[in-house]
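Working notes, beginning with the structure itself.
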Amino acid sequence: MDHMSPRLRAFLSEPIGEKDVCWVDGISHELAINLVTKGINKAYILLGQFLLMHKNEAEFQRWLICCCGATEYEAQQSSNCLKEWCACFL
């Protein structure tokens with residue numbers, strides 16, 4: 001856990017529950033707004049999309065970039081965050 005950002009460490013410290021999507025590491029304020037306009041307002045909904053893609057990080061990143069306006073960095077950070085959360089809690 002030494003290499004983790006404080007935001008990632010905080011996200012991994014507990015179950016997702018009802019956390020807003022902006023809690024996911026890598027989700028900027030602007031990207032959160034884009035996601036909310038698409039109906040993805042909670043972290044568990046974004047996790048659901050990740051799981052529907054069979055935890056395929058490359059596919060999830062392409063979806064975030066193409067459909068939601070994420071930068072490559074945001075897509076990488078958020079897919080890594082969700083992958084790490086799955087490793088901890090699933």
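Letters A, B, ... mark the chains of the structure tokens in the order given; residue numbers begin at 1 per chain; ligand numbers begin at 1, in order shown.
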
When you look at Gly39 in chain A with a cut-off of 12 Å (counting only C-alpha atoms), what residues show up, excluding the ones that are within fewer than 6 positions of it in the same chain? I need them as a CSV table (one decimal) with N, CA, C and O atoms, in the first residue's frame.
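The resulting file, selection-v5.csv, is reproduced below:
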chain,number,residue,atom,x,y,z
A,20,ASP,N,-20.5,8.6,-3.5
A,20,ASP,CA,-20.6,9.2,-4.8
A,20,ASP,C,-19.5,8.8,-5.7
A,20,ASP,O,-18.4,8.4,-5.3
A,21,VAL,N,-19.7,8.9,-7.0
A,21,VAL,CA,-18.7,8.5,-8.0
A,21,VAL,C,-17.4,9.2,-7.9
A,21,VAL,O,-16.4,8.7,-8.2
A,32,ALA,N,-16.7,13.5,-13.2
A,32,ALA,CA,-17.9,13.1,-12.4
A,32,ALA,C,-19.1,13.8,-12.9
A,32,ALA,O,-20.2,13.1,-12.9
A,33,ILE,N,-19.1,15.0,-13.3
A,33,ILE,CA,-20.2,15.7,-13.9
A,33,ILE,C,-20.7,14.9,-15.2
A,33,ILE,O,-21.9,14.6,-15.3
A,45,ILE,N,-22.3,2.0,-9.1
A,45,ILE,CA,-22.8,1.9,-10.5
A,45,ILE,C,-21.6,1.9,-11.4
A,45,ILE,O,-21.6,1.1,-12.4
A,46,LEU,N,-20.6,2.7,-11.2
A,46,LEU,CA,-19.4,2.6,-12.0
A,46,LEU,C,-18.7,1.2,-11.8
A,46,LEU,O,-18.2,0.6,-12.8
A,49,GLN,N,-20.4,-1.3,-14.0
A,49,GLN,CA,-20.0,-1.2,-15.4
A,49,GLN,C,-18.7,-2.0,-15.6
A,49,GLN,O,-18.5,-2.7,-16.5
A,68,CYS,N,-17.5,8.7,-22.0
A,68,CYS,CA,-17.7,9.6,-20.8
A,68,CYS,C,-16.7,10.8,-20.8
A,68,CYS,O,-16.8,11.7,-19.9

Wanna dump the range 23-42 of chain A-range 3-13 of chain A contacts at 12 Å for me, each residue with its shortest atom pair and the distance in Å to one decimal, counting only C-alpha atoms, ordered by chain and number, as a tab-separated table?
residue	atom	partner	partner_atom	distance
A:Trp23	CA	A:Phe11	CA	6.7
A:Val24	CA	A:Phe11	CA	6.6
A:Asp25	CA	A:Leu8	CA	5.3
A:Gly26	CA	A:Leu8	CA	8.6
A:Ile27	CA	A:Arg7	CA	10.4
A:Ser28	CA	A:Arg7	CA	11.7

Residue list (alpha helix (DSSP H), DSSP) for chain A, as a PyMOL selection string: chain A and resi 6-12+29-37+43-52+57-68+72-89

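For Cys67 in chain A, the set of protein, DNA and RNA residues having any atom at most 12 Å away, when counting only C-alpha atoms and skipping those fewer than 4 positions along the same chain, is Leu31, Asn34, Leu35, Thr37, Lys38, Glu59, Phe60, Gln61, Arg62, Trp63, Thr71 and Ala75 of chain A.
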
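Proximity to Asn80 in chain A was assessed for A:Leu52, A:Pro15, A:Leu47, A:Ile65 counting only C-alpha atoms; the smallest distance is recorded for A:Leu47.
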